[in-house]
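The next block is model-v1.cif, given as mmCIF, C-alpha atoms.
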data_my_file
#
loop_
_atom_site.label_atom_id
_atom_site.label_comp_id
_atom_site.auth_asym_id
_atom_site.auth_seq_id
_atom_site.Cartn_x
_atom_site.Cartn_y
_atom_site.Cartn_z
CA MET A 1 57.33 110.49 -68.50
CA PRO A 2 56.98 112.56 -65.31
CA ASN A 3 59.98 114.27 -63.80
CA VAL A 4 61.14 112.40 -60.74
CA PRO A 5 62.75 114.58 -58.07
CA ARG A 6 66.43 113.84 -57.72
CA PRO A 7 67.12 112.10 -54.41
CA PHE A 8 69.57 113.99 -52.26
CA PRO A 9 71.96 112.24 -49.89
CA ALA A 10 71.40 112.57 -46.19
CA PRO A 11 73.78 115.04 -44.48
CA SER A 12 75.66 112.17 -42.85
CA ASP A 13 76.23 110.70 -46.32
CA LEU A 14 77.83 113.96 -47.46
CA LEU A 15 80.22 113.77 -44.55
CA GLY A 16 80.82 110.14 -45.43
CA GLU A 17 81.72 111.12 -48.99
CA SER A 18 84.27 113.61 -47.68
CA LEU A 19 85.76 111.00 -45.34
CA HIS A 20 85.93 108.58 -48.27
CA LEU A 21 88.16 111.10 -50.05
CA LEU A 22 90.63 111.14 -47.15
CA ARG A 23 93.05 108.97 -49.07
CA LEU A 24 96.62 109.31 -47.89
CA THR A 25 99.10 110.13 -50.63
CA GLY A 26 102.81 110.86 -50.61
CA THR A 27 103.16 108.81 -47.47
CA LEU A 28 106.43 108.34 -45.58
CA TYR A 29 106.66 106.17 -42.50
CA CYS A 30 109.37 106.10 -39.87
CA ARG A 31 109.51 103.30 -37.34
CA ALA A 32 111.40 104.65 -34.35
CA GLU A 33 113.17 102.69 -31.62
CA LEU A 34 113.82 105.29 -28.92
CA THR A 35 115.73 104.70 -25.69
CA ALA A 36 115.61 107.22 -22.85
CA PRO A 37 116.69 109.89 -22.60
CA TRP A 38 115.77 111.16 -26.05
CA GLY A 39 114.13 114.15 -27.69
CA ILE A 40 113.22 115.03 -31.26
CA GLU A 41 112.34 118.45 -32.65
CA VAL A 42 110.06 118.23 -35.70
CA PRO A 43 110.02 121.37 -37.88
CA ALA A 44 107.00 122.79 -39.67
CA LEU A 45 105.82 120.38 -42.36
CA ASP A 46 103.73 122.72 -44.49
CA GLY A 47 100.80 121.09 -46.25
CA LEU A 48 101.35 117.77 -44.50
CA MET A 49 99.69 115.84 -41.69
CA ALA A 50 101.70 113.96 -39.11
CA LEU A 51 100.38 110.70 -37.69
CA LEU A 52 101.92 109.23 -34.54
CA VAL A 53 101.11 105.83 -33.04
CA VAL A 54 102.86 104.78 -29.82
CA THR A 55 103.13 101.02 -30.10
CA SER A 56 105.07 100.50 -26.86
CA GLY A 57 106.28 102.69 -24.01
CA HIS A 58 105.29 106.36 -23.83
CA CYS A 59 106.47 109.85 -24.72
CA LEU A 60 105.67 113.53 -24.26
CA LEU A 61 104.28 115.70 -27.06
CA GLU A 62 105.01 119.42 -26.83
CA VAL A 63 103.42 122.09 -29.00
CA ASP A 64 104.06 125.78 -28.39
CA GLY A 65 101.23 127.41 -26.48
CA ALA A 66 99.87 124.17 -25.02
CA GLU A 67 100.62 121.98 -22.03
CA PRO A 68 102.81 118.91 -22.75
CA ARG A 69 100.71 115.83 -23.43
CA LEU A 70 101.62 112.31 -22.32
CA LEU A 71 101.18 109.84 -25.18
CA ARG A 72 100.67 106.31 -23.87
CA GLN A 73 101.00 102.95 -25.56
CA GLY A 74 98.09 102.44 -27.95
CA SER A 75 97.41 106.14 -28.41
CA LEU A 76 96.88 107.80 -31.78
CA THR A 77 97.76 111.44 -32.41
CA LEU A 78 97.21 113.51 -35.54
CA ILE A 79 98.91 116.85 -36.15
CA PRO A 80 96.77 117.87 -39.11
CA HIS A 81 98.48 121.11 -40.15
CA GLY A 82 102.10 120.10 -39.84
CA ILE A 83 102.91 122.58 -37.06
CA PRO A 84 106.31 122.35 -35.31
CA HIS A 85 106.34 120.04 -32.31
CA ARG A 86 108.70 118.17 -30.00
CA LEU A 87 108.69 114.60 -28.74
CA ARG A 88 110.64 113.63 -25.60
CA SER A 89 111.12 110.70 -23.29
CA ASP A 90 110.75 113.03 -20.29
CA PRO A 91 110.52 116.80 -19.66
CA GLY A 92 114.25 117.31 -19.13
CA ALA A 93 115.50 115.43 -22.19
CA ASP A 94 117.48 117.40 -24.77
CA VAL A 95 116.02 117.53 -28.27
CA GLU A 96 117.79 117.09 -31.59
CA PRO A 97 116.46 118.38 -34.92
CA LEU A 98 114.65 115.60 -36.75
CA PHE A 99 116.72 115.83 -39.90
CA ASP A 100 120.00 115.67 -37.96
CA ILE A 101 119.18 112.19 -36.64
CA PRO A 102 120.50 109.39 -38.88
CA VAL A 103 118.06 106.80 -40.19
CA GLU A 104 118.19 103.50 -42.02
CA GLN A 105 116.35 104.01 -45.28
CA VAL A 106 114.57 100.75 -46.02
CA SER A 107 112.77 102.02 -49.11
CA GLU A 108 111.72 105.28 -50.71
CA ARG A 109 108.86 105.62 -48.24
CA TYR A 110 109.96 103.65 -45.20
CA GLU A 111 112.78 104.25 -42.75
CA ILE A 112 113.94 103.13 -39.33
CA MET A 113 115.29 105.45 -36.65
CA ARG A 114 117.29 104.22 -33.65
CA HIS A 115 118.00 107.02 -31.24
CA GLY A 116 118.53 107.76 -27.56
CA GLY A 117 120.64 107.14 -24.51
CA GLY A 118 120.11 103.42 -23.97
CA GLY A 119 117.43 103.48 -21.24
CA ASP A 120 113.74 102.58 -21.31
CA LEU A 121 112.50 101.69 -24.80
CA THR A 122 109.65 103.36 -26.67
CA HIS A 123 108.47 102.21 -30.10
CA THR A 124 106.56 104.62 -32.33
CA THR A 125 105.35 104.64 -35.89
CA TYR A 126 105.41 108.17 -37.31
CA GLY A 127 103.79 108.95 -40.63
CA VAL A 128 103.85 112.06 -42.80
CA VAL A 129 100.96 112.21 -45.24
CA HIS A 130 99.29 114.49 -47.76
CA PHE A 131 95.72 114.75 -49.04
CA ASP A 132 95.19 115.63 -52.69
CA HIS A 133 91.44 115.94 -52.97
CA VAL A 134 89.88 119.35 -52.35
CA ALA A 135 87.13 117.82 -50.17
CA ALA A 136 89.74 116.22 -47.94
CA GLN A 137 91.65 119.49 -47.75
CA ARG A 138 88.49 121.35 -46.75
CA LEU A 139 87.78 118.87 -43.99
CA VAL A 140 91.36 118.81 -42.70
CA ALA A 141 91.42 122.62 -42.63
CA GLN A 142 88.81 122.57 -39.85
CA LEU A 143 90.64 120.11 -37.64
CA PRO A 144 92.40 121.35 -34.49
CA GLU A 145 96.19 121.70 -34.22
CA VAL A 146 96.41 118.39 -32.37
CA LEU A 147 93.84 115.60 -32.48
CA HIS A 148 94.59 112.98 -29.84
CA ILE A 149 92.70 109.76 -29.22
CA ASP A 150 93.65 107.97 -26.02
CA ALA A 151 90.32 106.76 -24.68
CA TRP A 152 88.00 104.84 -27.01
CA ASP A 153 84.63 103.27 -26.37
CA GLU A 154 84.75 99.54 -25.75
CA ASP A 155 83.73 98.47 -29.26
CA THR A 156 86.17 100.82 -30.95
CA ALA A 157 88.93 99.96 -28.52
CA ASN A 158 88.79 96.31 -29.52
CA TRP A 159 89.39 96.82 -33.22
CA LEU A 160 91.74 99.76 -32.60
CA SER A 161 93.89 97.60 -30.38
CA SER A 162 93.95 94.92 -33.07
CA THR A 163 94.81 97.46 -35.76
CA LEU A 164 97.64 98.93 -33.70
CA ARG A 165 99.00 95.47 -33.00
CA LEU A 166 98.97 94.71 -36.71
CA ILE A 167 100.76 97.99 -37.49
CA SER A 168 103.31 97.20 -34.82
CA ARG A 169 103.86 93.68 -36.18
CA GLU A 170 104.21 94.90 -39.76
CA ALA A 171 106.57 97.68 -38.69
CA LEU A 172 108.74 95.28 -36.72
CA ALA A 173 108.81 92.46 -39.27
CA LEU A 174 109.20 94.49 -42.48
CA ARG A 175 107.77 91.64 -44.52
CA PRO A 176 107.08 92.02 -48.25
CA GLY A 177 104.06 94.27 -48.70
CA GLY A 178 104.38 95.66 -45.18
CA GLU A 179 104.44 99.27 -46.39
CA THR A 180 101.17 98.78 -48.25
CA VAL A 181 99.52 97.16 -45.23
CA ILE A 182 100.61 99.96 -42.90
CA THR A 183 99.46 102.65 -45.35
CA ARG A 184 95.99 101.12 -45.67
CA LEU A 185 95.70 100.69 -41.93
CA ALA A 186 96.76 104.29 -41.46
CA ASP A 187 93.91 105.36 -43.76
CA ILE A 188 91.51 103.64 -41.37
CA LEU A 189 93.09 105.13 -38.25
CA VAL A 190 93.01 108.67 -39.64
CA VAL A 191 89.37 108.39 -40.67
CA GLN A 192 88.37 106.88 -37.34
CA ALA A 193 90.16 109.62 -35.40
CA ILE A 194 88.40 112.29 -37.45
CA ARG A 195 85.04 110.54 -37.03
CA SER A 196 85.57 110.56 -33.28
CA TRP A 197 86.28 114.30 -33.43
CA LEU A 198 83.24 114.96 -35.64
CA ASP A 199 81.01 113.21 -33.10
CA SER A 200 82.18 115.20 -30.11
CA ALA A 201 83.86 118.52 -30.96
CA PRO A 202 81.82 121.77 -30.99
CA GLU A 203 84.06 123.06 -33.81
CA ALA A 204 82.70 120.30 -36.04
CA ASN A 205 79.37 122.17 -36.15
CA ARG A 206 80.82 125.26 -37.82
CA GLY A 207 81.86 126.36 -41.27
CA TRP A 208 82.01 123.92 -44.17
CA LEU A 209 81.19 120.92 -41.97
CA ALA A 210 78.04 122.65 -40.72
CA ALA A 211 77.15 123.46 -44.33
CA LEU A 212 77.39 119.77 -45.27
CA ARG A 213 74.92 118.98 -42.50
CA ASP A 214 72.45 121.71 -43.52
CA GLU A 215 69.45 120.37 -45.43
CA GLN A 216 69.40 122.92 -48.28
CA VAL A 217 73.03 124.06 -48.44
CA GLY A 218 74.22 120.48 -48.07
CA GLN A 219 72.11 119.52 -51.08
CA ALA A 220 73.59 122.40 -53.08
CA LEU A 221 77.12 121.37 -52.15
CA ALA A 222 76.36 117.82 -53.28
CA LEU A 223 75.24 119.14 -56.67
CA LEU A 224 78.38 121.26 -57.08
CA HIS A 225 80.66 118.45 -55.98
CA ARG A 226 79.12 115.84 -58.24
CA ALA A 227 78.63 117.95 -61.35
CA PRO A 228 81.15 120.82 -61.31
CA GLU A 229 81.05 120.98 -65.13
CA ARG A 230 77.40 122.14 -65.23
CA GLN A 231 76.70 125.80 -65.84
CA TRP A 232 75.38 126.50 -62.37
CA SER A 233 74.01 129.83 -61.21
CA VAL A 234 72.75 130.98 -57.84
CA ALA A 235 69.22 130.91 -59.26
CA SER A 236 69.49 127.35 -60.59
CA LEU A 237 70.96 126.05 -57.33
CA ALA A 238 68.23 127.80 -55.35
CA ARG A 239 65.55 126.18 -57.52
CA GLU A 240 67.12 122.74 -57.05
CA VAL A 241 66.97 123.00 -53.26
CA GLY A 242 63.60 124.71 -53.04
CA MET A 243 64.66 128.16 -51.82
CA SER A 244 64.39 131.69 -53.11
CA ARG A 245 67.51 133.07 -54.77
CA SER A 246 68.15 135.68 -52.10
CA ALA A 247 67.54 133.36 -49.14
CA PHE A 248 69.74 130.66 -50.62
CA SER A 249 72.55 133.08 -51.44
CA ALA A 250 72.55 134.51 -47.92
CA ARG A 251 72.40 131.09 -46.24
CA PHE A 252 75.14 129.58 -48.40
CA THR A 253 77.50 132.51 -47.76
CA ASP A 254 76.74 132.52 -44.04
CA LEU A 255 77.49 128.81 -43.59
CA VAL A 256 80.29 128.27 -46.09
CA GLY A 257 82.02 131.63 -45.70
CA GLU A 258 81.97 132.51 -49.41
CA SER A 259 79.39 132.86 -52.16
CA ALA A 260 78.17 129.82 -54.08
CA MET A 261 79.77 130.97 -57.35
CA ARG A 262 83.10 131.70 -55.68
CA TYR A 263 82.97 128.28 -54.01
CA LEU A 264 82.25 126.62 -57.36
CA ALA A 265 85.15 128.42 -59.06
CA HIS A 266 87.53 127.37 -56.28
CA TRP A 267 86.23 123.79 -56.31
CA ARG A 268 86.69 123.53 -60.08
CA MET A 269 90.22 124.88 -59.94
CA GLN A 270 91.30 122.53 -57.17
CA LEU A 271 89.84 119.54 -59.01
CA ALA A 272 91.49 120.68 -62.24
CA ARG A 273 94.89 121.03 -60.59
CA MET A 274 94.59 117.54 -59.12
CA HIS A 275 93.48 116.16 -62.50
CA LEU A 276 96.37 117.80 -64.34
CA ARG A 277 98.86 116.13 -62.03
CA ARG A 278 97.41 112.71 -62.79
CA THR A 279 96.64 112.75 -66.51
CA SER A 280 98.04 113.89 -69.84
CA GLU A 281 94.68 115.00 -71.27
CA PRO A 282 94.84 118.03 -73.57
CA LEU A 283 94.03 121.30 -71.83
CA SER A 284 90.99 121.77 -74.06
CA VAL A 285 89.53 118.50 -72.71
CA VAL A 286 90.36 119.41 -69.12
CA ALA A 287 88.71 122.80 -69.61
CA ARG A 288 85.42 121.22 -70.74
CA ARG A 289 85.61 118.61 -68.00
CA PHE A 290 85.48 121.36 -65.37
CA GLY A 291 82.89 123.62 -66.93
CA TYR A 292 84.90 126.05 -69.08
CA GLN A 293 83.76 126.81 -72.60
CA SER A 294 87.25 127.34 -73.98
CA GLU A 295 90.84 126.45 -73.20
CA ALA A 296 91.73 130.15 -73.05
CA ALA A 297 89.07 130.86 -70.41
CA PHE A 298 90.26 127.89 -68.37
CA CYS A 299 93.91 128.99 -68.56
CA ARG A 300 93.03 132.53 -67.48
CA ALA A 301 91.00 131.27 -64.51
CA PHE A 302 93.74 128.82 -63.54
CA LYS A 303 96.43 131.48 -63.59
CA ARG A 304 94.26 133.82 -61.50
CA ALA A 305 93.78 131.04 -58.95
CA PHE A 306 97.35 129.73 -58.71
CA GLY A 307 99.59 132.38 -60.25
CA VAL A 308 100.93 130.01 -62.92
CA PRO A 309 99.48 128.53 -66.12
CA PRO A 310 98.17 124.95 -65.97
CA GLY A 311 101.09 123.63 -68.01
CA ASN A 312 103.46 124.55 -65.18
CA ILE A 313 101.49 122.40 -62.73
CA ARG A 314 101.69 119.43 -65.07
CA GLN A 315 105.46 119.78 -65.43
CA ALA A 316 105.97 120.18 -61.69
CA SER A 317 103.97 117.04 -60.90
CA ASP A 318 106.79 114.93 -62.30
CA GLU A 319 109.28 116.55 -59.94
CA VAL A 320 107.46 116.70 -56.61
CA SER A 321 107.50 113.68 -54.34
CA LEU A 322 107.52 113.10 -50.61
CA THR A 323 110.36 110.71 -49.96
CA ALA A 324 112.66 109.74 -47.16
CA ARG A 325 115.42 111.83 -48.75
CA GLY A 326 113.61 115.02 -47.87
CA TRP A 327 110.05 115.49 -46.59
CA ASP A 328 108.50 117.95 -49.02
CA GLY A 329 111.54 120.13 -49.36
CA ALA A 330 113.16 119.37 -46.03
CA PRO A 331 116.93 119.02 -46.05
CA ALA A 332 118.23 115.71 -47.28
CA ARG A 333 119.47 113.46 -44.49
#
Could you write out this file's structure as structure tokens?
Amino acid sequence: MPNVPRPFPAPSDLLGESLHLLRLTGTLYCRAELTAPWGIEVPALDGLMALLVVTSGHCLLEVDGAEPRLLRQGSLTLIPHGIPHRLRSDPGADVEPLFDIPVEQVSERYEIMRHGGGGDLTHTTYGVVHFDHVAAQRLVAQLPEVLHIDAWDEDTANWLSSTLRLISREALALRPGGETVITRLADILVVQAIRSWLDSAPEANRGWLAALRDEQVGQALALLHRAPERQWSVASLAREVGMSRSAFSARFTDLVGESAMRYLAHWRMQLARMHLRRTSEPLSVVARRFGYQSEAAFCRAFKRAFGVPPGNIRQASDEVSLTARGWDGAPAR
């Protein structure tokens, strides 16, 4: 039977796969009822993304080194890297540290904040989220410090407006299942905001995102992503994508920023760490799953990558959670 060339996904499909992996985990939502004057100082939230939807009223967003930005009703703002920022009703309003403001804890992952001086009312829904998958982390790493969507095309604006209204209604009503509805809707909003950025931002044509769009390097990345357990080499990847070894190696490193074998090792380790947190498989099975011939070789590579043996990651996974009591190590309220 003749060999049939393996079909490769189009570059847009590779981006689509990465967006598909943008699943929010460890999500905490705060519905805020804010009356002017008010101000909130949000500290650094390392490893987390903040999501802010203004469902009524308006506020100012301040980030060091940038001009204050007016956030209007219906706007969506992502702060992908968890940098410190301030939210105010107006430029002169005093700010209070976020974790000094009392909240009503409705559930482990949902809280209500009522704060301010009794004037004009602003409603916001503020989410703090985390992405586990290495593809999602790679994509998020290229996003700007603040990603703000205020003006949408007509078609997008229609469904966005409906989605924001539904979030607002769920946040206000707190009906059974409301947390799940808001979380799923937030998935959609985050992906749509990133898609909008991908379509328009010059930075989206650099680095790993540019590599996904490249015909040969994108094909190689697809192979590594889908079969990390295979014993890949630079030569075998070059053959698969129809390039010479030297040309492929140079192009991969130029676009991705690291060699193909270093990328594969990092990809395997990140997948393995995520897998260890979710399963109780023996380490020998995990090692084979991610391309290592022995448990000892896997453990050595894991410790080089993360500074601790894989067993430590598995133990820690039972202890780490993002809850209203403290956002990823923030002081308890």
Can you pull out the residues contacting A:Asp90? Cut-off 10 Å, using all atoms listed in the file, and skip same-chain residues under 4 positions away; I want them as a PDB file with C-alpha atoms, in the frame of the given file.
ATOM      1  CA  ALA A  36     115.610 107.220 -22.850  1.00  0.00           C
ATOM      2  CA  PRO A  37     116.690 109.890 -22.600  1.00  0.00           C
ATOM      3  CA  TRP A  38     115.770 111.160 -26.050  1.00  0.00           C
ATOM      4  CA  GLY A  39     114.130 114.150 -27.690  1.00  0.00           C
ATOM      5  CA  HIS A  58     105.290 106.360 -23.830  1.00  0.00           C
ATOM      6  CA  CYS A  59     106.470 109.850 -24.720  1.00  0.00           C
ATOM      7  CA  LEU A  60     105.670 113.530 -24.260  1.00  0.00           C
ATOM      8  CA  LEU A  61     104.280 115.700 -27.060  1.00  0.00           C
ATOM      9  CA  LEU A  70     101.620 112.310 -22.320  1.00  0.00           C
ATOM     10  CA  ASP A  94     117.480 117.400 -24.770  1.00  0.00           C
TER      11      ASP A  94
END
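The residue set within 12 Å of A:Met113, counting all atoms listed in the file and dropping same-chain residues fewer than 2 places from it, reads Tyr29, Cys30, Arg31, Ala32, Glu33, Leu34, Thr35, Ile40, Leu98, Phe99, Asp100, Ile101, Pro102, Val103, Glu104, Gln105, Val106, Tyr110, Glu111, His115, Gly116, Thr122, His123, Thr124, Thr125, Tyr126, Ala171, Ala324 and Arg333 of chain A.
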For a quick check of understanding, using all atoms listed in the file, which of A:Arg109, A:Leu121, A:Ile79, A:Val95 has the smallest distance to A:Ala141?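 Closest candidate: A:Ile79.
With atom CA of A:Gly57 on one side and atom CA of A:Val191 on the other, the separation reads 24.4 Å.
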Length of the atom CA of A:Arg251 to atom CA of A:Ile194 vector [Å]: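 Atom-to-atom, atom CA of A:Arg251 to atom CA of A:Ile194, that is 26.2 Å.
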Out of A:Ile112, A:Leu71, A:Val129, A:Leu209, which residue has the shortest atom-to-atom distance to A:Leu48 when counting only C-alpha atoms?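 Nearest candidate to A:Leu48 out of A:Ile112, A:Leu71, A:Val129, A:Leu209: A:Val129.
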Report, in Å with one decimal, the straight-line distance from atom CA of A:Thr77 to atom CA of A:Leu147. 5.7 Å
Size and centre in Å, one decimal, axis-aligned box, all listed stretch 80-98 of chain A atoms plus 4 Å per side, as JSON:
{"center_x": 107.3, "center_y": 116.6, "center_z": -29.6, "size_x": 29.0, "size_y": 19.9, "size_z": 29.0}
Against stretch 226-235 of chain A, which residues of stretch 262-293 of chain A fall within 6 Å? For each one I want the closest pair of atoms and the distance in Å (one decimal), counting only C-alpha atoms, rows by chain and increasing residue number, as a tab-separated table.
residue	atom	partner	partner_atom	distance
A:Arg289	CA	A:Glu229	CA	5.9
A:Phe290	CA	A:Glu229	CA	4.5
A:Gly291	CA	A:Glu229	CA	3.7
I need the residue set behind the PyMOL selection byres ((chain A and resi 271) around 12) for this file; please write it as a ChimeraX atom specification. /A:132-137,224-229,264-270,272-278,286-287,289-291,302
On this file, the PyMOL selection byres ((chain A and resi 82) around 6) gives some set of residues; write that set as a PyMOL selection string. chain A and resi 44-46+48-49+79-81+83
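Nearest residue to A:Phe252, choosing from A:Val217, A:Leu237, A:Val308, A:Val285 and counting all atoms listed in the file: A:Val217.
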A:Glu108, A:Asp199, A:Asp150, A:Glu170 ranked by distance to A:Gln73, top pick (using only C-alpha atoms):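 Closest to A:Gln73 of all the choices is A:Asp150.
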Apply the PyMOL selection byres ((chain A and resi 193) around 12) to the displayed file and report the matching residues as a count of residues only. 39
Quick one: of A:Ala220, A:Glu281, A:Tyr292, A:Ser259, who's nearest to A:Gly311, counting all atoms listed in the file?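 Distance minimum relative to A:Gly311 lands on A:Glu281.
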Once N, CA, C and O atoms are restored for stretch 289-307 of chain A, what would the output be as an mmCIF file, in the coordinates of the input?
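To be explicit, this is the file written out as selection.cif:
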data_model
loop_
_atom_site.group_PDB
_atom_site.id
_atom_site.type_symbol
_atom_site.label_atom_id
_atom_site.label_comp_id
_atom_site.auth_asym_id
_atom_site.auth_seq_id
_atom_site.Cartn_x
_atom_site.Cartn_y
_atom_site.Cartn_z
ATOM 1 N N ARG A 289 85.921 119.509 -69.120
ATOM 2 C CA ARG A 289 85.610 118.610 -68.000
ATOM 3 C C ARG A 289 85.194 119.394 -66.768
ATOM 4 O O ARG A 289 84.378 118.933 -65.964
ATOM 5 N N PHE A 290 85.764 120.585 -66.584
ATOM 6 C CA PHE A 290 85.480 121.360 -65.370
ATOM 7 C C PHE A 290 84.687 122.624 -65.646
ATOM 8 O O PHE A 290 84.744 123.589 -64.886
ATOM 9 N N GLY A 291 83.911 122.599 -66.741
ATOM 10 C CA GLY A 291 82.890 123.620 -66.930
ATOM 11 C C GLY A 291 83.313 124.868 -67.664
ATOM 12 O O GLY A 291 82.568 125.866 -67.648
ATOM 13 N N TYR A 292 84.451 124.874 -68.337
ATOM 14 C CA TYR A 292 84.900 126.050 -69.080
ATOM 15 C C TYR A 292 84.651 125.856 -70.566
ATOM 16 O O TYR A 292 84.903 124.778 -71.118
ATOM 17 N N GLN A 293 84.157 126.908 -71.208
ATOM 18 C CA GLN A 293 83.760 126.810 -72.600
ATOM 19 C C GLN A 293 84.940 126.829 -73.559
ATOM 20 O O GLN A 293 84.804 126.427 -74.714
ATOM 21 N N SER A 294 86.083 127.297 -73.100
ATOM 22 C CA SER A 294 87.250 127.340 -73.980
ATOM 23 C C SER A 294 88.513 127.104 -73.164
ATOM 24 O O SER A 294 88.547 127.341 -71.945
ATOM 25 N N GLU A 295 89.551 126.652 -73.844
ATOM 26 C CA GLU A 295 90.840 126.450 -73.200
ATOM 27 C C GLU A 295 91.400 127.775 -72.680
ATOM 28 O O GLU A 295 91.983 127.843 -71.593
ATOM 29 N N ALA A 296 91.201 128.841 -73.462
ATOM 30 C CA ALA A 296 91.730 130.150 -73.050
ATOM 31 C C ALA A 296 91.080 130.622 -71.754
ATOM 32 O O ALA A 296 91.764 131.136 -70.853
ATOM 33 N N ALA A 297 89.756 130.441 -71.629
ATOM 34 C CA ALA A 297 89.070 130.860 -70.410
ATOM 35 C C ALA A 297 89.553 130.043 -69.215
ATOM 36 O O ALA A 297 89.748 130.579 -68.108
ATOM 37 N N PHE A 298 89.754 128.757 -69.440
ATOM 38 C CA PHE A 298 90.260 127.890 -68.370
ATOM 39 C C PHE A 298 91.654 128.334 -67.935
ATOM 40 O O PHE A 298 91.941 128.429 -66.731
ATOM 41 N N CYS A 299 92.537 128.594 -68.888
ATOM 42 C CA CYS A 299 93.910 128.990 -68.560
ATOM 43 C C CYS A 299 93.943 130.305 -67.795
ATOM 44 O O CYS A 299 94.727 130.470 -66.856
ATOM 45 N N ARG A 300 93.068 131.245 -68.201
ATOM 46 C CA ARG A 300 93.030 132.530 -67.480
ATOM 47 C C ARG A 300 92.562 132.328 -66.042
ATOM 48 O O ARG A 300 93.150 132.875 -65.095
ATOM 49 N N ALA A 301 91.512 131.520 -65.859
ATOM 50 C CA ALA A 301 91.000 131.270 -64.510
ATOM 51 C C ALA A 301 92.037 130.536 -63.668
ATOM 52 O O ALA A 301 92.221 130.835 -62.471
ATOM 53 N N PHE A 302 92.727 129.588 -64.269
ATOM 54 C CA PHE A 302 93.740 128.820 -63.540
ATOM 55 C C PHE A 302 94.874 129.720 -63.083
ATOM 56 O O PHE A 302 95.331 129.635 -61.937
ATOM 57 N N LYS A 303 95.321 130.595 -63.959
ATOM 58 C CA LYS A 303 96.430 131.480 -63.590
ATOM 59 C C LYS A 303 96.000 132.465 -62.507
ATOM 60 O O LYS A 303 96.790 132.800 -61.616
ATOM 61 N N ARG A 304 94.750 132.939 -62.570
ATOM 62 C CA ARG A 304 94.260 133.820 -61.500
ATOM 63 C C ARG A 304 94.260 133.086 -60.165
ATOM 64 O O ARG A 304 94.580 133.661 -59.123
ATOM 65 N N ALA A 305 93.895 131.811 -60.191
ATOM 66 C CA ALA A 305 93.780 131.040 -58.950
ATOM 67 C C ALA A 305 95.130 130.685 -58.360
ATOM 68 O O ALA A 305 95.334 130.752 -57.137
ATOM 69 N N PHE A 306 96.100 130.296 -59.208
ATOM 70 C CA PHE A 306 97.350 129.730 -58.710
ATOM 71 C C PHE A 306 98.591 130.517 -59.081
ATOM 72 O O PHE A 306 99.694 130.182 -58.630
ATOM 73 N N GLY A 307 98.441 131.534 -59.898
ATOM 74 C CA GLY A 307 99.590 132.380 -60.250
ATOM 75 C C GLY A 307 100.465 131.828 -61.342
ATOM 76 O O GLY A 307 101.447 132.463 -61.724
#
